[in-house]
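A.B. asks: If you scroll down you'll find the structure; I have some questions about it.
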Amino acid sequence: MSNTIKSRAAVAFAPNEPLKMVEIDVERPKKGEVLVKITHTGVCHTDAFTLSGADPEGVFPVVLGHEGAGVVVEVGEGVTSVAVGDHVIPLYTAECRECEFCKSGKSNLCVSVRETQGKGLMPDGTTRFSYNGQPIFHYMGCSTFSEYTVVADVSLAKINPQANPEEVCLLGCGVTTGIGAVHNTAKVQEGDSVAVFGLGGIGLAVIQGAKQAKAGRIIAIDTNPAKFELAREFGATECLNPNDFDKPIQQVIIEMTKWGVDHTFECIGNVNVMRAALESAHRGWGQSIIIGVAGAGQEISTRPFQLVTGRTWKGSAFGGVKGRTQLPGMVEDAMKGIIRLRPFVTHTMPIERINEAFDLMHEGKSIRTVVHY
Ligand code: NAD
Ligand code: AHE
Ligand code: ZN
């Protein structure tokens, strides 16, 4: 048996260049690793962010993609948590259940594979991908833009095989992140007011989560008014375009609410909007959750008085969700309609057209494009 298999992959050879479809070599899984055949993957803004060259952890050439669903094809030595034929979602936030973070009960930020993952490598410090003998890096421990990928066993959630992979792949990042940030990070309660900045896949999932939590006012903010219809369908009670006002959006929101909003969420990755979101939070107790990812060198700022007077700044990664433990239940919720995924899938296309998915995102025309193999 050959030690490598061939795989169709959309490779990012350099920052800011279109992905190139090539046939790469994928090494079989080593100890603690799993070979997965990806059937579907969403394209998240974070893929575009890393491709842009703004990610301090960005390395090239690389197989991007981290919002996928697939089936286990082969397991490496010692793997017992999944078996051949299992349906899985790769996790960019692993869950080893043994590290200080997993055992803390306070965080989902497992560190078992995070250091090598951030360097584009498998936990043993090497890569399983190559093209013409040249090594290709992994991405976020997932690399779902390759039909066959190798991931650590701690980076796989085993899911119901009856689930629709074209939809549940979105639980690999966007929808889980938004819904989880509402329930796990902000802990929104019935009647609370919420403001959501940025109405892409993440922001719309925040609105869905806020509606589940029976929030009261849900104020949706985007510079692209084409996003408002879906925001309203998910439960937004008011939609604001900052370009319609001749004053800062935080001033508009304070005037609308008197003291500000109980929970605000930044779902863009813009440090100026992060400030606006913090300053839109309620005097005395309002909190602002940063979800958006900002580029290398970017920093947040506000007047310390904003915090002195009771506002809190927090962040959320993968919605605070522990992937192996909680994602299977979220898949069941999606199958029961408790989590709605279909409205996020605005476009589908074969992997060969993946660059169109990035174009649609940059043009503001898509929420999620799901790519299939
Ligand atoms: P997206 O591109 O689909 O959506 C972003 C939205 O923000 C768009 O609708 C756009 O019109 C809007 N926008 C842009 N500039 C704006 C401004 N100045 N004011 C108001 N609206 C503005 O992106 P996405 O896939 O939803 O991701 C959103 C952010 O979340 C990205 O930064 C992404 O990297 C990050 N993200 C973080 C996590 C996490 O775990 N923390 C997970 C997934 C994505
Ligand atoms: N590599 C970047 C950070 C990127 C980042 O913050 N990623 C989010 C997930 S985005 C998914 O679309 C995250 O979960 N971060 C926590 C983690 O462990 O990566 C940088 O600035 O270096
Ligand atoms: Zn993502």
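The way I read the labels, and the way they are meant: chains A, B, ... in the order of the structure tokens, residue 1 as the first residue of every chain, and ligand 1 as the first ligand shown, with later ones counted on from there.
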Write out, as CSV, each residue of chain A that has an atom at most 12 Å from ligand 3, together with the closest pair of atoms and their distance in Å to one decimal, counting only C-alpha atoms and all ligand atoms, rows going by chain and rising number.
C.D. replies:
```
residue,atom,partner,partner_atom_place_in_ligand_line,distance
A:Thr41,CA,ligand 3,1 (Zn),10.8
A:Gly42,CA,ligand 3,1 (Zn),8.6
A:Val43,CA,ligand 3,1 (Zn),7.6
A:Cys44,CA,ligand 3,1 (Zn),4.6
A:His45,CA,ligand 3,1 (Zn),6.3
A:Thr46,CA,ligand 3,1 (Zn),5.1
A:Asp47,CA,ligand 3,1 (Zn),6.9
A:Ala48,CA,ligand 3,1 (Zn),9.6
A:Phe49,CA,ligand 3,1 (Zn),9.8
A:Thr50,CA,ligand 3,1 (Zn),10.7
A:Leu64,CA,ligand 3,1 (Zn),10.7
A:Gly65,CA,ligand 3,1 (Zn),8.2
A:His66,CA,ligand 3,1 (Zn),6.3
A:Glu67,CA,ligand 3,1 (Zn),6.4
A:Gly68,CA,ligand 3,1 (Zn),10.1
A:Pro90,CA,ligand 3,1 (Zn),11.8
A:Leu91,CA,ligand 3,1 (Zn),10.5
A:Tyr92,CA,ligand 3,1 (Zn),8.8
A:Thr93,CA,ligand 3,1 (Zn),10.9
A:Tyr139,CA,ligand 3,1 (Zn),11.3
A:Met140,CA,ligand 3,1 (Zn),9.5
A:Cys142,CA,ligand 3,1 (Zn),11.0
A:Ser143,CA,ligand 3,1 (Zn),11.8
A:Thr144,CA,ligand 3,1 (Zn),11.5
A:Cys169,CA,ligand 3,1 (Zn),11.0
A:Leu170,CA,ligand 3,1 (Zn),9.0
A:Leu171,CA,ligand 3,1 (Zn),9.7
A:Gly172,CA,ligand 3,1 (Zn),7.8
A:Cys173,CA,ligand 3,1 (Zn),4.7
A:Gly174,CA,ligand 3,1 (Zn),5.5
A:Val175,CA,ligand 3,1 (Zn),9.2
A:Thr176,CA,ligand 3,1 (Zn),9.6
A:Thr177,CA,ligand 3,1 (Zn),8.1
A:Gly178,CA,ligand 3,1 (Zn),10.4
A:Gly200,CA,ligand 3,1 (Zn),11.2
A:Gly201,CA,ligand 3,1 (Zn),9.2
A:Ile202,CA,ligand 3,1 (Zn),8.5
A:Cys267,CA,ligand 3,1 (Zn),11.2
A:Ile268,CA,ligand 3,1 (Zn),11.8
A:Ile291,CA,ligand 3,1 (Zn),10.3
A:Gly292,CA,ligand 3,1 (Zn),9.8
A:Val293,CA,ligand 3,1 (Zn),9.7
A:Ala317,CA,ligand 3,1 (Zn),9.7
A:Phe318,CA,ligand 3,1 (Zn),8.2
A:Gly319,CA,ligand 3,1 (Zn),10.9
A:Arg368,CA,ligand 3,1 (Zn),10.7
```
A.B. asks: Output the selection as a compact mmCIF listing (two decimals), in the first residue's frame - N, CA and C atoms for each residue.
C.D. replies:
```txt
# COMPACT_ATOMS: atom_id res chain seq x y z
N THR A 41 -17.51 22.04 2.48
CA THR A 41 -16.88 23.04 3.36
C THR A 41 -17.43 24.43 3.08
N GLY A 42 -17.70 25.15 4.14
CA GLY A 42 -18.05 26.55 4.00
C GLY A 42 -16.77 27.37 3.80
N VAL A 43 -16.96 28.61 3.34
CA VAL A 43 -15.84 29.55 3.23
C VAL A 43 -16.13 30.67 4.22
N CYS A 44 -15.26 30.81 5.21
CA CYS A 44 -15.44 31.79 6.30
C CYS A 44 -14.57 33.01 6.02
N HIS A 45 -14.94 34.14 6.62
CA HIS A 45 -14.12 35.33 6.40
C HIS A 45 -12.69 35.14 6.90
N THR A 46 -12.51 34.26 7.89
CA THR A 46 -11.16 34.04 8.41
C THR A 46 -10.25 33.41 7.34
N ASP A 47 -10.81 32.59 6.44
CA ASP A 47 -10.01 32.06 5.34
C ASP A 47 -9.51 33.21 4.46
N ALA A 48 -10.41 34.18 4.19
CA ALA A 48 -10.03 35.34 3.38
C ALA A 48 -9.00 36.21 4.12
N PHE A 49 -9.19 36.32 5.43
CA PHE A 49 -8.26 37.10 6.28
C PHE A 49 -6.85 36.52 6.18
N THR A 50 -6.72 35.21 6.33
CA THR A 50 -5.39 34.60 6.27
C THR A 50 -4.83 34.70 4.85
N LEU A 64 -6.04 26.05 2.97
CA LEU A 64 -6.93 26.74 3.91
C LEU A 64 -8.22 25.92 4.11
N GLY A 65 -9.20 26.53 4.79
CA GLY A 65 -10.50 25.88 5.02
C GLY A 65 -10.59 25.29 6.41
N HIS A 66 -11.68 25.66 7.12
CA HIS A 66 -11.81 25.16 8.50
C HIS A 66 -13.27 25.00 8.89
N GLU A 67 -14.18 24.94 7.91
CA GLU A 67 -15.62 24.87 8.21
C GLU A 67 -16.21 23.70 7.42
N GLY A 68 -15.73 22.48 7.74
CA GLY A 68 -16.06 21.35 6.87
C GLY A 68 -16.83 20.24 7.55
N PRO A 90 -14.38 18.55 11.43
CA PRO A 90 -13.06 18.93 11.96
C PRO A 90 -13.17 20.17 12.86
N LEU A 91 -12.34 20.19 13.90
CA LEU A 91 -12.40 21.26 14.91
C LEU A 91 -11.12 22.09 14.90
N TYR A 92 -11.26 23.40 14.71
CA TYR A 92 -10.05 24.24 14.85
C TYR A 92 -9.77 24.54 16.31
N THR A 93 -10.74 24.28 17.16
CA THR A 93 -10.50 24.33 18.60
C THR A 93 -10.63 22.90 19.10
N TYR A 139 -3.82 24.18 7.96
CA TYR A 139 -4.44 25.43 8.41
C TYR A 139 -5.44 25.17 9.52
N MET A 140 -5.24 25.79 10.64
CA MET A 140 -6.18 25.73 11.77
C MET A 140 -6.51 24.29 12.15
N CYS A 142 -7.31 21.91 10.31
CA CYS A 142 -8.45 21.37 9.54
C CYS A 142 -8.14 21.17 8.06
N SER A 143 -7.75 22.25 7.37
CA SER A 143 -7.45 22.21 5.92
C SER A 143 -8.55 21.51 5.12
N THR A 144 -9.73 22.10 5.16
CA THR A 144 -10.87 21.48 4.50
C THR A 144 -10.97 21.81 3.00
N CYS A 169 -21.87 21.44 7.94
CA CYS A 169 -20.48 21.92 7.87
C CYS A 169 -20.38 23.32 8.50
N LEU A 170 -21.46 24.09 8.43
CA LEU A 170 -21.42 25.46 8.97
C LEU A 170 -21.30 25.48 10.49
N LEU A 171 -21.57 24.32 11.11
CA LEU A 171 -21.35 24.23 12.57
C LEU A 171 -19.86 24.06 12.87
N GLY A 172 -19.04 23.84 11.85
CA GLY A 172 -17.59 23.76 12.05
C GLY A 172 -16.98 25.10 12.38
N CYS A 173 -17.71 26.19 12.08
CA CYS A 173 -17.23 27.52 12.50
C CYS A 173 -18.38 28.50 12.68
N GLY A 174 -18.83 29.13 11.59
CA GLY A 174 -19.65 30.34 11.68
C GLY A 174 -20.85 30.28 12.59
N VAL A 175 -21.71 29.29 12.39
CA VAL A 175 -22.97 29.28 13.13
C VAL A 175 -22.73 28.94 14.61
N THR A 176 -21.83 27.99 14.85
CA THR A 176 -21.50 27.64 16.23
C THR A 176 -20.89 28.84 16.96
N THR A 177 -20.03 29.56 16.27
CA THR A 177 -19.36 30.72 16.87
C THR A 177 -20.38 31.77 17.32
N GLY A 178 -21.31 32.09 16.42
CA GLY A 178 -22.28 33.14 16.74
C GLY A 178 -23.24 32.72 17.83
N GLY A 200 -22.70 39.15 8.63
CA GLY A 200 -22.30 38.00 7.83
C GLY A 200 -22.76 36.74 8.54
N GLY A 201 -22.11 35.62 8.23
CA GLY A 201 -22.49 34.36 8.85
C GLY A 201 -22.43 34.43 10.36
N ILE A 202 -21.43 35.12 10.90
CA ILE A 202 -21.27 35.16 12.36
C ILE A 202 -22.36 36.04 12.99
N CYS A 267 -18.73 41.53 15.00
CA CYS A 267 -18.62 40.36 14.12
C CYS A 267 -18.04 40.79 12.77
N ILE A 268 -17.02 41.65 12.80
CA ILE A 268 -16.44 42.18 11.57
C ILE A 268 -14.92 42.01 11.55
N ILE A 291 -15.78 39.15 18.52
CA ILE A 291 -15.69 37.88 17.78
C ILE A 291 -14.80 38.08 16.54
N GLY A 292 -14.89 39.25 15.92
CA GLY A 292 -14.14 39.53 14.70
C GLY A 292 -12.63 39.43 14.93
N VAL A 293 -11.93 39.03 13.89
CA VAL A 293 -10.48 38.83 13.95
C VAL A 293 -9.80 39.99 13.23
N ALA A 317 -13.96 32.68 21.22
CA ALA A 317 -13.41 31.84 20.15
C ALA A 317 -14.27 30.59 20.02
N PHE A 318 -14.72 30.31 18.80
CA PHE A 318 -15.60 29.18 18.50
C PHE A 318 -16.80 29.18 19.47
N GLY A 319 -17.23 30.38 19.84
CA GLY A 319 -18.41 30.52 20.69
C GLY A 319 -18.28 29.87 22.05
N ARG A 368 -22.95 32.46 3.26
CA ARG A 368 -21.99 31.37 3.17
C ARG A 368 -22.11 30.69 1.81
```
A.B. asks: As an MDAnalysis selection string, please: every residue in segment 89-148 of chain A that a backbone DSSP assignment puts in alpha helix (DSSP H).
C.D. replies: chainID A and resid 100:104 114:117
A.B. asks: Work out how far apart atom CA of Phe265 of chain A and atom CA of Glu166 of chain A are and give it in Å to one decimal.
C.D. replies: 26.9 Å
A.B. asks: Taking 6 positions as the minimum chain separation for residues in the same chain, which residues sit within 8 Å of Asp192 of chain A when counting only C-alpha atoms? Answer as number ranges by chain.
C.D. replies: A: 214-217, 262-263
A.B. asks: One decimal, Å: what's the distance from atom CA of Leu51 of chain A over to atom CA of Thr369 of chain A, could you say?
C.D. replies: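 Atom CA of Leu51 of chain A sits 16.6 Å away from atom CA of Thr369 of chain A.
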A.B. asks: Would you list the contacts of Val72 of chain A as a list of chain:residue names, taking every protein, DNA or RNA residue within 6 Å and counting only C-alpha atoms, but skipping same-chain residues closer than 3 positions in sequence?
C.D. replies: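 Listing them by chain and then by number gives A:Val36, A:Val84, A:Gly85, A:Asp86.
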A.B. asks: Extract the full set of strand (DSSP E) residues from segment 27-255 of chain A according to DSSP on the backbone, and format it as JSON, numbers by chain.
C.D. replies: {"A": [27, 33, 34, 35, 36, 37, 38, 39, 40, 41, 42, 67, 68, 69, 70, 71, 72, 73, 74, 75, 87, 88, 89, 90, 129, 130, 131, 134, 135, 136, 148, 149, 150, 151, 152, 156, 157, 158, 159, 194, 195, 196, 197, 218, 219, 220, 221, 238, 239, 240]}
A.B. asks: Per residue of segment 157-195 of chain A within 12 Å of segment 106-116 of chain A, which atom pair is closest and at what distance in Å (one decimal), using only C-alpha atoms, listed by chain and increasing number, as JSON lines?
C.D. replies:
```
{"residue": "A:Thr177", "atom": "CA", "partner": "A:Asn108", "partner_atom": "CA", "distance": 11.8}
{"residue": "A:Gly180", "atom": "CA", "partner": "A:Asn108", "partner_atom": "CA", "distance": 11.1}
{"residue": "A:Ala181", "atom": "CA", "partner": "A:Asn108", "partner_atom": "CA", "distance": 11.8}
{"residue": "A:Asn184", "atom": "CA", "partner": "A:Ser107", "partner_atom": "CA", "distance": 9.7}
{"residue": "A:Thr185", "atom": "CA", "partner": "A:Ser107", "partner_atom": "CA", "distance": 9.8}
```
A.B. asks: Could you turn the residues from that selection into a file that holds C-alpha atoms, as a PDB file, in the first residue's frame?
C.D. replies:
```pdb
ATOM      1  CA  THR A 177     -19.361  30.717  16.875  1.00  0.00           C
ATOM      2  CA  GLY A 180     -22.189  29.949  21.202  1.00  0.00           C
ATOM      3  CA  ALA A 181     -21.029  33.507  21.865  1.00  0.00           C
ATOM      4  CA  ASN A 184     -21.684  30.658  26.542  1.00  0.00           C
ATOM      5  CA  THR A 185     -19.802  33.961  26.470  1.00  0.00           C
TER       6      THR A 185
END
```
A.B. asks: By how many Å are atom CA of Thr223 of chain A and atom 18 (N, counted along the ligand's line) of ligand 1 apart?
C.D. replies: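 If I compute the distance from atom CA of Thr223 of chain A to atom 18 (N, counted along the ligand's line) of ligand 1, I get 6.2 Å.
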A.B. asks: Got a sec: who's within 12 Å of Glu356 of chain A, counting only C-alpha atoms, leaving out chain neighbours fewer than 5 positions off, as a ChimeraX atom specification?
C.D. replies: /A:18-19,43,347-351,361-363,365-366,368-371
A.B. asks: Could you save the residues just selected, with C-alpha atoms, as a PDB file, in the first residue's frame?
C.D. replies:
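The result, stored in selection28.pdb:
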```pdb
ATOM      1  CA  PRO A  18      -6.274  33.182  -6.141  1.00  0.00           C
ATOM      2  CA  LEU A  19      -6.273  29.602  -4.880  1.00  0.00           C
ATOM      3  CA  VAL A  43     -15.836  29.555   3.232  1.00  0.00           C
ATOM      4  CA  HIS A 347     -24.539  29.657  -2.692  1.00  0.00           C
ATOM      5  CA  THR A 348     -23.205  26.172  -3.431  1.00  0.00           C
ATOM      6  CA  MET A 349     -20.551  25.225  -5.972  1.00  0.00           C
ATOM      7  CA  PRO A 350     -17.882  22.613  -6.725  1.00  0.00           C
ATOM      8  CA  ILE A 351     -14.399  23.084  -5.234  1.00  0.00           C
ATOM      9  CA  MET A 361     -17.920  37.259   0.074  1.00  0.00           C
ATOM     10  CA  HIS A 362     -15.872  40.368  -0.780  1.00  0.00           C
ATOM     11  CA  GLU A 363     -18.723  41.741  -2.917  1.00  0.00           C
ATOM     12  CA  LYS A 365     -23.345  38.991  -2.070  1.00  0.00           C
ATOM     13  CA  SER A 366     -23.126  35.806   0.000  1.00  0.00           C
ATOM     14  CA  ARG A 368     -21.986  31.370   3.170  1.00  0.00           C
ATOM     15  CA  THR A 369     -20.908  29.629   0.018  1.00  0.00           C
ATOM     16  CA  VAL A 370     -20.716  25.881   0.622  1.00  0.00           C
ATOM     17  CA  VAL A 371     -18.237  24.149  -1.624  1.00  0.00           C
TER      18      VAL A 371
END
```
A.B. asks: Please list as a PyMOL selection string every residue within 7 Å of segment 121-130 of chain A, counting only C-alpha atoms and excluding residues in the same chain fewer than 5 positions away.
C.D. replies: chain A and resi 24-27+113+116+135-138+150
A.B. asks: Which one is closest to ligand 2: A:Ala213, A:Val321, A:Met335, A:Val71? Count only C-alpha atoms and all ligand atoms.
C.D. replies: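 Comparing A:Ala213, A:Val321, A:Met335, A:Val71 against ligand 2, the winner is A:Val321.
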A.B. asks: Any idea what's packed within 12 Å of Gln306 of chain A, counting only C-alpha atoms, ignoring anything in its chain fewer than 5 positions away? Could you give it as a PyMOL selection string?
C.D. replies: chain A and resi 260+275-288+301+311-313
